[in-house]
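Have a look at my_file23.csv; it's CSV, C-alpha atoms:
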chain,number,residue,atom,x,y,z
A,27,MET,CA,-1.6,-95.3,-40.3
A,28,LEU,CA,-4.9,-93.7,-39.6
A,29,ASN,CA,-7.6,-94.4,-42.1
A,30,LEU,CA,-9.5,-91.1,-41.9
A,31,CYS,CA,-11.0,-90.9,-45.3
A,32,SER,CA,-14.4,-92.5,-45.8
A,33,ASN,CA,-15.2,-93.7,-49.3
A,34,GLY,CA,-18.7,-92.3,-49.3
A,35,VAL,CA,-18.6,-89.3,-51.6
A,36,ARG,CA,-19.0,-89.0,-53.1
A,37,GLY,CA,-5.1,-67.9,-77.5
A,38,SER,CA,-3.9,-66.7,-74.3
A,39,THR,CA,-6.0,-63.8,-73.2
A,40,ARG,CA,-4.7,-61.8,-70.3
A,41,PRO,CA,-7.1,-60.4,-67.7
A,42,ARG,CA,-8.1,-56.9,-68.4
A,43,THR,CA,-5.7,-54.7,-66.6
A,44,LEU,CA,-6.9,-52.6,-63.8
A,45,VAL,CA,-8.4,-49.4,-65.1
A,46,ARG,CA,-6.1,-46.6,-64.1
A,47,PRO,CA,-6.3,-42.9,-64.7
A,48,HIS,CA,-4.9,-41.9,-68.0
A,49,SER,CA,-3.0,-38.8,-68.7
A,50,ALA,CA,-1.6,-38.5,-72.2
A,51,SER,CA,0.6,-35.6,-71.2
A,52,THR,CA,2.4,-37.3,-68.3
A,53,ALA,CA,5.1,-38.9,-70.6
A,54,THR,CA,5.7,-35.7,-72.6
A,55,ILE,CA,5.3,-32.7,-70.3
A,56,ALA,CA,8.6,-31.3,-69.4
A,57,SER,CA,10.1,-34.8,-68.9
A,58,ASP,CA,13.6,-33.7,-69.9
A,59,LEU,CA,13.4,-30.5,-67.9
A,60,SER,CA,12.1,-32.3,-64.8
A,61,GLU,CA,14.9,-34.9,-65.0
A,62,ARG,CA,17.5,-32.1,-65.2
A,63,TYR,CA,15.9,-30.4,-62.3
A,64,LEU,CA,16.2,-33.5,-60.2
A,65,VAL,CA,19.9,-33.8,-60.9
A,66,ASN,CA,20.5,-30.3,-59.7
A,67,ASN,CA,18.1,-30.2,-56.8
A,68,PRO,CA,19.9,-30.7,-53.5
A,69,ALA,CA,16.7,-31.7,-51.8
A,70,LEU,CA,16.7,-35.0,-53.7
A,71,SER,CA,19.3,-37.6,-54.1
A,72,ARG,CA,21.4,-37.8,-57.2
A,73,GLY,CA,20.3,-41.4,-57.9
A,74,VAL,CA,16.9,-40.3,-59.1
A,75,ALA,CA,18.1,-39.1,-62.5
A,76,SER,CA,20.5,-41.2,-64.5
A,77,THR,CA,21.5,-38.9,-67.4
A,78,PRO,CA,25.3,-38.8,-67.0
A,79,THR,CA,25.8,-35.6,-69.1
A,80,LEU,CA,23.6,-33.4,-67.0
A,81,THR,CA,26.1,-32.3,-64.4
A,82,THR,CA,25.9,-28.5,-64.7
A,83,LYS,CA,23.2,-26.3,-63.2
A,84,VAL,CA,20.2,-26.1,-65.5
A,85,LEU,CA,18.8,-22.8,-66.5
A,86,VAL,CA,15.1,-23.1,-65.5
A,87,CYS,CA,14.5,-19.5,-64.5
A,88,ARG,CA,13.1,-18.7,-67.9
A,89,SER,CA,10.9,-21.7,-68.2
A,90,SER,CA,7.2,-21.8,-67.7
A,91,LEU,CA,7.9,-24.3,-65.0
A,92,GLU,CA,9.5,-21.7,-62.7
A,93,LYS,CA,7.3,-18.9,-63.8
A,94,LYS,CA,4.1,-20.6,-62.7
A,95,ASN,CA,5.5,-22.5,-59.7
A,96,ASN,CA,8.8,-23.0,-57.9
A,97,PRO,CA,9.4,-26.7,-58.0
A,98,ASN,CA,11.1,-26.5,-54.6
A,99,SER,CA,7.7,-25.4,-53.1
A,100,THR,CA,6.1,-28.6,-54.4
A,101,ILE,CA,8.9,-30.8,-53.0
A,102,ASP,CA,8.8,-28.9,-49.7
A,103,PHE,CA,5.0,-29.3,-49.5
A,104,LEU,CA,5.2,-33.1,-50.1
A,105,LYS,CA,7.7,-33.4,-47.3
A,106,GLU,CA,5.6,-31.2,-45.0
A,107,ILE,CA,2.6,-33.5,-45.2
A,108,GLY,CA,4.9,-36.4,-44.1
A,109,LEU,CA,6.4,-38.0,-47.2
A,110,GLY,CA,10.0,-39.1,-46.9
A,111,ASP,CA,12.8,-38.2,-49.2
A,112,SER,CA,12.7,-41.6,-51.0
A,113,GLN,CA,8.9,-41.3,-51.5
A,114,VAL,CA,9.2,-37.8,-52.9
A,115,GLU,CA,12.0,-38.9,-55.3
A,116,LYS,CA,10.0,-41.9,-56.5
A,117,MET,CA,6.9,-39.7,-57.0
A,118,VAL,CA,8.5,-36.9,-58.9
A,119,LYS,CA,10.5,-39.3,-61.0
A,120,SER,CA,7.4,-41.3,-62.1
A,121,HIS,CA,5.2,-38.2,-62.3
A,122,PRO,CA,7.4,-35.2,-63.3
A,123,SER,CA,4.5,-33.0,-64.0
A,124,LEU,CA,3.9,-32.8,-60.3
A,125,LEU,CA,6.7,-30.1,-60.4
A,126,ARG,CA,4.3,-27.9,-62.3
A,127,CYS,CA,1.5,-28.1,-59.8
A,128,ARG,CA,0.7,-25.0,-57.8
A,129,VAL,CA,0.8,-25.7,-54.1
A,130,GLU,CA,-1.9,-23.2,-53.1
A,131,LYS,CA,-4.2,-23.7,-56.0
A,132,THR,CA,-3.8,-27.4,-56.8
A,133,LEU,CA,-2.2,-29.4,-54.0
A,134,ILE,CA,-3.6,-27.9,-50.8
A,135,PRO,CA,-7.3,-28.1,-51.7
A,136,LYS,CA,-7.0,-31.9,-52.5
A,137,ILE,CA,-5.1,-32.6,-49.3
A,138,ARG,CA,-7.7,-30.8,-47.3
A,139,VAL,CA,-10.4,-32.9,-48.9
A,140,LEU,CA,-8.6,-36.0,-47.8
A,141,GLN,CA,-7.9,-34.7,-44.3
A,142,ASP,CA,-11.5,-33.5,-43.8
A,143,PHE,CA,-12.7,-37.0,-44.9
A,144,GLY,CA,-10.5,-38.6,-42.2
A,145,PHE,CA,-7.2,-39.4,-44.0
A,146,CYS,CA,-4.4,-38.3,-41.7
A,147,GLY,CA,-1.0,-39.4,-40.6
A,148,SER,CA,0.1,-42.7,-42.1
A,149,GLU,CA,-3.2,-43.1,-44.0
A,150,LEU,CA,-2.7,-39.8,-45.8
A,151,ILE,CA,0.9,-40.6,-46.6
A,152,TYR,CA,-0.2,-44.0,-47.9
A,153,VAL,CA,-2.9,-42.6,-50.2
A,154,ILE,CA,-0.6,-39.9,-51.6
A,155,ASP,CA,2.3,-42.2,-52.1
A,156,SER,CA,0.2,-44.9,-53.8
A,157,ASN,CA,-1.9,-42.5,-55.8
A,158,PRO,CA,0.1,-39.5,-57.0
A,159,PHE,CA,-2.5,-39.1,-59.8
A,160,LEU,CA,-4.8,-37.7,-57.2
A,161,LEU,CA,-2.7,-34.6,-56.8
A,162,LYS,CA,-2.2,-33.7,-60.4
A,163,ASP,CA,-5.0,-35.4,-62.5
A,164,PHE,CA,-8.0,-35.1,-60.3
A,165,SER,CA,-10.0,-31.9,-59.5
A,166,ARG,CA,-11.0,-31.3,-55.9
A,167,ASN,CA,-14.7,-31.8,-56.7
A,168,ARG,CA,-14.0,-35.0,-58.6
A,169,LEU,CA,-12.1,-36.4,-55.6
A,170,LEU,CA,-14.8,-35.4,-53.2
A,171,ALA,CA,-17.5,-37.0,-55.4
A,172,LYS,CA,-15.5,-40.3,-55.4
A,173,LEU,CA,-15.2,-40.3,-51.6
A,174,GLU,CA,-18.8,-39.5,-51.0
A,175,PHE,CA,-19.9,-42.2,-53.5
A,176,LEU,CA,-17.7,-44.8,-51.7
A,177,LYS,CA,-19.1,-43.6,-48.3
A,178,SER,CA,-22.7,-44.1,-49.6
A,179,ILE,CA,-21.9,-47.7,-50.4
A,180,LEU,CA,-19.7,-48.6,-47.4
A,181,GLY,CA,-21.6,-46.6,-44.8
A,182,SER,CA,-18.9,-44.7,-43.1
A,183,ALA,CA,-15.6,-42.8,-43.7
A,184,GLU,CA,-13.8,-45.4,-41.6
A,185,ASN,CA,-14.9,-48.1,-44.1
A,186,VAL,CA,-13.7,-46.0,-47.0
A,187,LEU,CA,-10.3,-45.8,-45.4
A,188,LYS,CA,-10.2,-49.5,-45.0
A,189,ALA,CA,-11.2,-50.1,-48.6
A,190,VAL,CA,-8.7,-47.7,-50.0
A,191,LYS,CA,-5.9,-49.3,-48.0
A,192,ARG,CA,-6.8,-52.7,-49.5
A,193,GLY,CA,-7.1,-51.3,-53.0
A,194,LYS,CA,-4.8,-48.4,-53.8
A,195,TYR,CA,-6.4,-47.7,-57.2
A,196,LEU,CA,-9.9,-47.4,-55.8
A,197,LEU,CA,-9.7,-43.6,-55.7
A,198,CYS,CA,-8.2,-43.4,-59.2
A,199,VAL,CA,-10.6,-45.5,-61.3
A,200,ALA,CA,-13.3,-43.6,-63.2
A,201,LEU,CA,-16.5,-43.4,-61.2
A,202,THR,CA,-19.0,-43.3,-64.0
A,203,HIS,CA,-17.1,-45.6,-66.5
A,204,THR,CA,-15.7,-48.3,-64.2
A,205,LEU,CA,-16.8,-48.4,-60.5
A,206,GLN,CA,-20.5,-47.7,-60.9
A,207,PRO,CA,-21.0,-49.9,-63.9
A,208,ASN,CA,-19.2,-52.8,-62.2
A,209,LEU,CA,-21.4,-52.5,-59.1
A,210,GLU,CA,-24.5,-52.4,-61.3
A,211,LEU,CA,-23.4,-55.5,-63.1
A,212,LEU,CA,-23.0,-57.4,-59.9
A,213,LYS,CA,-26.5,-56.2,-58.8
A,214,SER,CA,-27.9,-57.4,-62.0
A,215,TYR,CA,-26.7,-60.9,-61.1
A,216,GLY,CA,-28.7,-60.9,-57.9
A,217,ILE,CA,-25.9,-59.9,-55.5
A,218,SER,CA,-27.4,-58.0,-52.6
A,219,ASP,CA,-26.3,-54.5,-51.4
A,220,GLU,CA,-24.9,-56.1,-48.3
A,221,ARG,CA,-22.7,-58.5,-50.3
A,222,LEU,CA,-21.7,-55.6,-52.6
A,223,GLN,CA,-20.6,-53.7,-49.5
A,224,LYS,CA,-18.5,-56.6,-48.4
A,225,ILE,CA,-16.9,-57.0,-51.8
A,226,LEU,CA,-16.0,-53.4,-52.0
A,227,LEU,CA,-14.6,-53.4,-48.5
A,228,ARG,CA,-12.6,-56.6,-48.7
A,229,HIS,CA,-11.9,-57.0,-52.4
A,230,PRO,CA,-11.8,-53.5,-53.9
A,231,ARG,CA,-9.2,-54.4,-56.5
A,232,GLU,CA,-11.6,-56.8,-58.2
A,233,LEU,CA,-14.0,-53.9,-58.9
A,234,CYS,CA,-11.3,-51.8,-60.6
A,235,PHE,CA,-11.2,-53.9,-63.7
A,236,SER,CA,-12.9,-52.8,-66.9
A,237,PRO,CA,-16.7,-53.5,-67.0
A,238,LYS,CA,-16.1,-55.7,-70.0
A,239,TRP,CA,-13.8,-58.0,-68.1
A,240,VAL,CA,-16.1,-58.1,-65.1
A,241,GLN,CA,-19.0,-59.1,-67.4
A,242,GLU,CA,-16.9,-61.9,-68.9
A,243,SER,CA,-15.8,-63.1,-65.5
A,244,LEU,CA,-19.4,-63.2,-64.2
A,245,ASP,CA,-20.4,-65.3,-67.3
A,246,ARG,CA,-17.6,-67.8,-66.6
A,247,VAL,CA,-18.8,-68.4,-63.1
A,248,GLU,CA,-22.1,-69.7,-64.5
A,249,GLN,CA,-21.0,-71.2,-67.8
A,250,VAL,CA,-17.6,-72.7,-66.9
A,251,LEU,CA,-17.7,-73.3,-63.2
A,252,GLY,CA,-21.3,-74.2,-63.2
A,253,ILE,CA,-22.2,-72.1,-60.2
A,254,PRO,CA,-25.7,-70.6,-60.4
A,255,ARG,CA,-26.1,-67.0,-59.5
A,256,GLN,CA,-28.4,-68.0,-56.6
A,257,SER,CA,-25.7,-69.9,-54.9
A,258,ALA,CA,-23.8,-68.5,-51.9
A,259,MET,CA,-20.6,-69.6,-53.7
A,260,PHE,CA,-21.3,-67.4,-56.8
A,261,VAL,CA,-19.5,-64.3,-55.3
A,262,TYR,CA,-16.5,-66.4,-54.4
A,263,GLY,CA,-16.5,-67.8,-57.9
A,264,PHE,CA,-16.5,-64.3,-59.3
A,265,LEU,CA,-13.6,-63.2,-57.2
A,266,VAL,CA,-11.6,-66.1,-58.7
A,267,THR,CA,-12.6,-65.7,-62.3
A,268,VAL,CA,-12.0,-61.9,-62.3
A,269,SER,CA,-8.5,-62.3,-60.8
A,270,LEU,CA,-7.3,-65.0,-63.3
A,271,SER,CA,-6.6,-64.4,-66.9
A,272,LYS,CA,-8.2,-66.7,-69.4
A,273,LYS,CA,-4.9,-68.4,-69.9
A,274,ASN,CA,-4.2,-68.9,-66.2
A,275,PHE,CA,-7.8,-70.0,-65.6
A,276,LYS,CA,-7.2,-72.8,-68.2
A,277,LEU,CA,-3.8,-73.6,-66.7
A,278,LYS,CA,-5.3,-74.1,-63.3
A,279,PHE,CA,-7.7,-76.8,-64.6
A,280,GLU,CA,-4.9,-78.5,-66.5
A,281,MET,CA,-2.8,-78.5,-63.3
A,282,PHE,CA,-5.4,-80.4,-61.3
A,283,LYS,CA,-5.9,-82.8,-64.2
A,284,ARG,CA,-2.1,-83.6,-64.1
A,285,TYR,CA,-2.7,-84.9,-60.5
A,286,GLY,CA,-5.5,-87.1,-61.5
A,287,TRP,CA,-8.6,-84.9,-61.2
A,288,SER,CA,-11.4,-85.4,-63.7
A,289,GLU,CA,-13.6,-82.7,-65.2
A,290,SER,CA,-16.4,-83.8,-62.9
A,291,ASP,CA,-14.1,-83.6,-59.8
A,292,LEU,CA,-13.1,-80.1,-60.8
A,293,LEU,CA,-16.8,-79.0,-61.1
A,294,VAL,CA,-17.6,-80.5,-57.7
A,295,MET,CA,-14.7,-78.6,-56.2
A,296,ALA,CA,-15.6,-75.4,-58.0
A,297,LYS,CA,-19.1,-75.4,-56.7
A,298,ARG,CA,-18.1,-75.9,-53.1
A,299,SER,CA,-14.7,-74.3,-52.9
A,300,PRO,CA,-14.0,-72.1,-56.0
A,301,TYR,CA,-11.1,-70.3,-54.4
A,302,CYS,CA,-9.1,-73.6,-54.5
A,303,LEU,CA,-8.5,-72.8,-58.2
A,304,THR,CA,-6.0,-70.1,-57.0
A,305,LEU,CA,-3.8,-72.7,-55.3
A,306,SER,CA,-0.2,-72.9,-56.4
A,307,GLU,CA,1.1,-76.2,-57.8
A,308,ALA,CA,3.4,-76.6,-54.8
A,309,LYS,CA,0.5,-76.3,-52.4
A,310,LEU,CA,-1.6,-78.7,-54.4
A,311,LYS,CA,1.2,-81.3,-54.6
A,312,THR,CA,1.8,-81.1,-50.8
A,313,GLY,CA,-1.9,-81.6,-50.2
A,314,MET,CA,-2.2,-84.5,-52.7
A,315,ASP,CA,0.9,-86.2,-51.2
A,316,PHE,CA,-0.6,-86.1,-47.7
A,317,PHE,CA,-4.3,-86.7,-48.2
A,318,VAL,CA,-4.2,-89.1,-51.2
A,319,ASN,CA,-0.8,-90.8,-51.0
A,320,LYS,CA,-0.4,-90.9,-47.2
A,321,LEU,CA,-4.0,-91.2,-46.0
A,322,GLY,CA,-5.5,-92.9,-49.0
A,323,CYS,CA,-8.2,-90.4,-49.6
A,324,GLU,CA,-9.9,-90.7,-53.0
A,325,ILE,CA,-9.9,-87.6,-55.3
A,326,GLY,CA,-13.7,-87.6,-55.3
A,327,TYR,CA,-13.7,-87.4,-51.5
A,328,LEU,CA,-11.1,-84.6,-51.6
A,329,ALA,CA,-13.0,-82.7,-54.3
A,330,ALA,CA,-16.0,-82.5,-52.1
A,331,ARG,CA,-13.8,-81.2,-49.2
A,332,ALA,CA,-11.3,-79.2,-51.1
A,333,THR,CA,-10.9,-76.7,-48.3
A,334,LEU,CA,-8.5,-79.3,-46.8
A,335,LEU,CA,-6.0,-78.3,-49.5
A,336,THR,CA,-5.9,-74.7,-48.4
A,337,TYR,CA,-4.8,-75.4,-44.8
A,338,SER,CA,-1.2,-75.0,-43.6
A,339,MET,CA,0.6,-78.4,-43.4
A,340,GLU,CA,2.8,-77.3,-40.6
A,341,GLU,CA,0.4,-75.1,-38.5
A,342,ARG,CA,-2.8,-77.1,-38.8
A,343,ILE,CA,-2.7,-80.5,-40.6
A,344,LEU,CA,0.4,-82.2,-39.1
A,345,PRO,CA,-0.2,-81.1,-35.5
A,346,ARG,CA,-3.8,-82.4,-35.6
A,347,TYR,CA,-2.9,-85.6,-37.4
A,348,ALA,CA,-0.2,-86.2,-34.7
A,349,VAL,CA,-2.8,-85.8,-31.9
A,350,LEU,CA,-5.1,-88.3,-33.6
A,351,GLN,CA,-2.2,-90.8,-33.9
A,352,VAL,CA,-1.5,-90.6,-30.2
A,353,LEU,CA,-5.1,-91.0,-29.2
A,354,GLN,CA,-5.4,-94.0,-31.5
A,355,GLU,CA,-2.3,-95.6,-30.1
A,356,ARG,CA,-3.5,-95.2,-26.5
A,357,LYS,CA,-6.9,-96.5,-27.6
A,358,LEU,CA,-8.6,-93.4,-26.2
A,359,MET,CA,-11.0,-93.0,-29.1
A,360,LYS,CA,-14.0,-95.2,-29.5
A,361,LYS,CA,-14.6,-93.8,-33.0
A,362,ILE,CA,-12.0,-92.1,-35.1
A,363,PRO,CA,-13.4,-89.0,-36.7
A,364,SER,CA,-13.1,-88.2,-40.4
A,365,ILE,CA,-10.2,-86.1,-41.5
A,366,ASP,CA,-12.4,-83.2,-42.6
A,367,THR,CA,-14.2,-83.1,-39.3
A,368,VAL,CA,-10.8,-82.8,-37.5
A,369,MET,CA,-9.3,-80.3,-39.8
A,370,ASN,CA,-12.3,-78.0,-40.3
A,371,VAL,CA,-13.1,-77.2,-36.7
A,372,ASN,CA,-11.6,-74.1,-35.2
A,373,LYS,CA,-8.6,-74.3,-33.0
A,374,SER,CA,-10.5,-73.7,-29.7
A,375,ARG,CA,-12.9,-76.5,-30.5
A,376,PHE,CA,-10.2,-78.9,-31.5
A,377,LEU,CA,-8.2,-78.3,-28.3
A,378,ASN,CA,-11.3,-78.6,-26.1
A,379,LYS,CA,-12.4,-81.9,-27.7
A,380,TYR,CA,-9.1,-83.7,-28.6
A,381,VAL,CA,-6.3,-82.3,-26.4
A,382,LEU,CA,-7.3,-80.6,-23.1
A,383,PRO,CA,-9.4,-83.5,-21.7
A,384,PHE,CA,-6.3,-85.7,-21.8
A,385,LYS,CA,-3.7,-83.1,-21.0
A,386,ASP,CA,-3.0,-84.2,-17.3
A,387,ASN,CA,-2.9,-88.0,-17.9
A,388,LEU,CA,-1.3,-87.8,-21.3
A,389,PRO,CA,1.1,-84.8,-21.4
A,390,GLU,CA,2.7,-86.0,-24.6
A,391,LEU,CA,-0.6,-85.4,-26.4
A,392,TYR,CA,-0.3,-81.7,-25.8
A,393,GLU,CA,3.4,-81.9,-26.8
A,394,ALA,CA,2.4,-83.6,-30.1
A,395,TYR,CA,0.1,-80.7,-30.9
A,396,ALA,CA,2.4,-77.9,-29.6
A,397,TYR,CA,5.4,-79.1,-31.5
A,398,GLY,CA,3.7,-79.6,-34.8
A,399,GLY,CA,3.8,-83.4,-34.6
A,400,LYS,CA,7.5,-83.5,-35.1
A,401,LYS,CA,8.0,-86.4,-32.7
A,402,PHE,CA,4.8,-88.3,-33.6
A,403,VAL,CA,4.5,-88.0,-37.4
A,404,ASP,CA,6.9,-90.1,-39.5
A,405,SER,CA,9.7,-88.2,-41.4
A,406,SER,CA,8.2,-88.7,-44.8
A,407,VAL,CA,5.0,-86.8,-43.7
A,408,GLN,CA,7.0,-84.2,-41.9
A,409,GLU,CA,8.8,-83.3,-45.1
A,410,LEU,CA,5.5,-82.3,-46.6
A,411,GLY,CA,5.3,-79.4,-44.1
A,412,LYS,CA,8.6,-78.0,-45.4
A,413,GLN,CA,7.6,-77.8,-49.0

Entire entry expressed as structure tokens:
Amino acid sequence: MLNLCSNGVRGSTRPRTLVRPHSASTATIASDLSERYLVNNPALSRGVASTPTLTTKVLVCRSSLEKKNNPNSTIDFLKEIGLGDSQVEKMVKSHPSLLRCRVEKTLIPKIRVLQDFGFCGSELIYVIDSNPFLLKDFSRNRLLAKLEFLKSILGSAENVLKAVKRGKYLLCVALTHTLQPNLELLKSYGISDERLQKILLRHPRELCFSPKWVQESLDRVEQVLGIPRQSAMFVYGFLVTVSLSKKNFKLKFEMFKRYGWSESDLLVMAKRSPYCLTLSEAKLKTGMDFFVNKLGCEIGYLAARATLLTYSMEERILPRYAVLQVLQERKLMKKIPSIDTVMNVNKSRFLNKYVLPFKDNLPELYEAYAYGGKKFVDSSVQELGKQ
């Protein structure tokens, strides 16, 4: 067995839910009427409404619903912009007050704002399907202000599109009560505008929590994880703490301790690789079985190189380990590299250094890598890749 690990180194509070637009009237406005309308609307499937007694045609002609707007026009409009039957059904069922919206006065102006900003085709459909609030709860000016604000941070309409696709609630959270305060909080902790832009672009969901929860999450990065705000890892620590409830945050620490990790080991890991706190227990167990039980790595060594635990066993760890086994058996390596050196390099560099130079004289080496080490790694280790 290869010895690749040097011994040198080294109550339950849930996370604040995403702030979503609140409409006290949604649950009460014409809910019964809307459901009966769905049952009798041939444009929608009968499965949307479940009330068994509503089988006769409903008299809606005298209602304010029909006086102000023909519900069919709303449904037809949603289909015209590209939404499918199932999407329209789902939308109207969850937001029945959409049937009261006036197409010309309410819906079209908002759709035009989105189209003028660059949302079209599948992007437009995604935004509307994910955020029906935009059509009924937001004014045209409010929607435009949100888009322009996001563009001022992200630099282009294209980046706004990317951010919205990664965080569907981004257009719905309150600008002055949620998004702006959260960005100001992060800036107050020394996070640069460039880093803020990257967070908003790649992790928009994390900025849609309440400012109170964001503040608590920032405090935990320093006070619990021990990561100073000047550290490059501070942002990564925040992305972890803001996404885990207090209860789950505590459970993650307890999970590592069950596998022999000490408090100091956890702090070392948190300062270097805080995102490892999001690992599942199955992923941690697989990594511990291989690196500690198979290779003999000490937990302190692993804590300082915890990114090893995040790699795929089948796609990265076992194929590379198999290559090293072959090289050692053929005595083609004067010095065996450490496991973190081998696993951390990118694929191209690994192939150029450990596989391609020996490909002609040692074809089985490439085979060992290409087939994930199945013929070169013993069965007990191969089983780890299946977990």

Report as a tab-separated table the residues of segment 273-302 of chain A within 12 Å of segment 315-337 of chain A, each with its shortest atom pair and distance in Å (one decimal), using only C-alpha atoms, ordered by chain and increasing residue number.
residue	atom	partner	partner_atom	distance
A:Phe282	CA	A:Ile325	CA	10.4
A:Lys283	CA	A:Ile325	CA	10.9
A:Tyr285	CA	A:Ile325	CA	9.3
A:Gly286	CA	A:Ile325	CA	7.6
A:Trp287	CA	A:Ile325	CA	6.6
A:Ser288	CA	A:Ile325	CA	8.8
A:Glu289	CA	A:Ala329	CA	10.9
A:Ser290	CA	A:Gly326	CA	8.9
A:Asp291	CA	A:Ala329	CA	5.7
A:Leu292	CA	A:Ala329	CA	7.0
A:Leu293	CA	A:Ala329	CA	8.6
A:Val294	CA	A:Ala329	CA	6.1
A:Met295	CA	A:Ala329	CA	4.8
A:Ala296	CA	A:Ala329	CA	8.6
A:Lys297	CA	A:Ala330	CA	9.0
A:Arg298	CA	A:Ala330	CA	7.0
A:Ser299	CA	A:Ala332	CA	6.2
A:Pro300	CA	A:Ala332	CA	9.0
A:Tyr301	CA	A:Thr333	CA	8.8
A:Cys302	CA	A:Ala332	CA	6.9

Please save C-alpha atoms of the selected residues as a CSV table (one decimal), in the coordinates of the input.
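Result written to selection33.csv:
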chain,number,residue,atom,x,y,z
A,282,PHE,CA,-5.4,-80.4,-61.3
A,283,LYS,CA,-5.9,-82.8,-64.2
A,285,TYR,CA,-2.7,-84.9,-60.5
A,286,GLY,CA,-5.5,-87.1,-61.5
A,287,TRP,CA,-8.6,-84.9,-61.2
A,288,SER,CA,-11.4,-85.4,-63.7
A,289,GLU,CA,-13.6,-82.7,-65.2
A,290,SER,CA,-16.4,-83.8,-62.9
A,291,ASP,CA,-14.1,-83.6,-59.8
A,292,LEU,CA,-13.1,-80.1,-60.8
A,293,LEU,CA,-16.8,-79.0,-61.1
A,294,VAL,CA,-17.6,-80.5,-57.7
A,295,MET,CA,-14.7,-78.6,-56.2
A,296,ALA,CA,-15.6,-75.4,-58.0
A,297,LYS,CA,-19.1,-75.4,-56.7
A,298,ARG,CA,-18.1,-75.9,-53.1
A,299,SER,CA,-14.7,-74.3,-52.9
A,300,PRO,CA,-14.0,-72.1,-56.0
A,301,TYR,CA,-11.1,-70.3,-54.4
A,302,CYS,CA,-9.1,-73.6,-54.5

### Task
Compare A:Gly181, A:Pro230, A:Pro97, A:Pro389 by their minimum atom-to-atom distance to Leu196 of chain A, counting only C-alpha atoms, and give me the closest one.
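Closest candidate: A:Pro230.
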
### Message
Considering all atoms listed in the file, can you say which of A:Ala183, A:Val114, A:Leu125, A:Met339 comes closest to Ser99 of chain A?
### Response
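Selected residue with least distance to Ser99 of chain A: A:Leu125.
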
### Task
Skip Lys278 of chain A itself and residues of its chain fewer than 3 positions away, then list as a list in words all residues within 9 Å of it, counting only C-alpha atoms.
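So the residues in contact are Lys273, Asn274, Phe275, Met281, Phe282, Lys283, Leu303, Thr304, Leu305, Ser306 and Glu307 of chain A.
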
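The spacing separating atom CA of Lys188 of chain A from atom CA of Glu149 of chain A amounts to 9.5 Å.
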
### Query
Could you state the separation of atom CA of Ser257 of chain A and atom CA of Ser214 of chain A in Å, given to one decimal place?
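Interatomic distance, atom CA of Ser257 of chain A to atom CA of Ser214 of chain A: 14.5 Å.
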
### Query
So, counting all atoms listed in the file, which residue among A:Gln223, A:Asn185, A:Asn372, A:Ser236 is closest to Asn208 of chain A?
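For Asn208 of chain A, the nearest of the given residues is A:Ser236.
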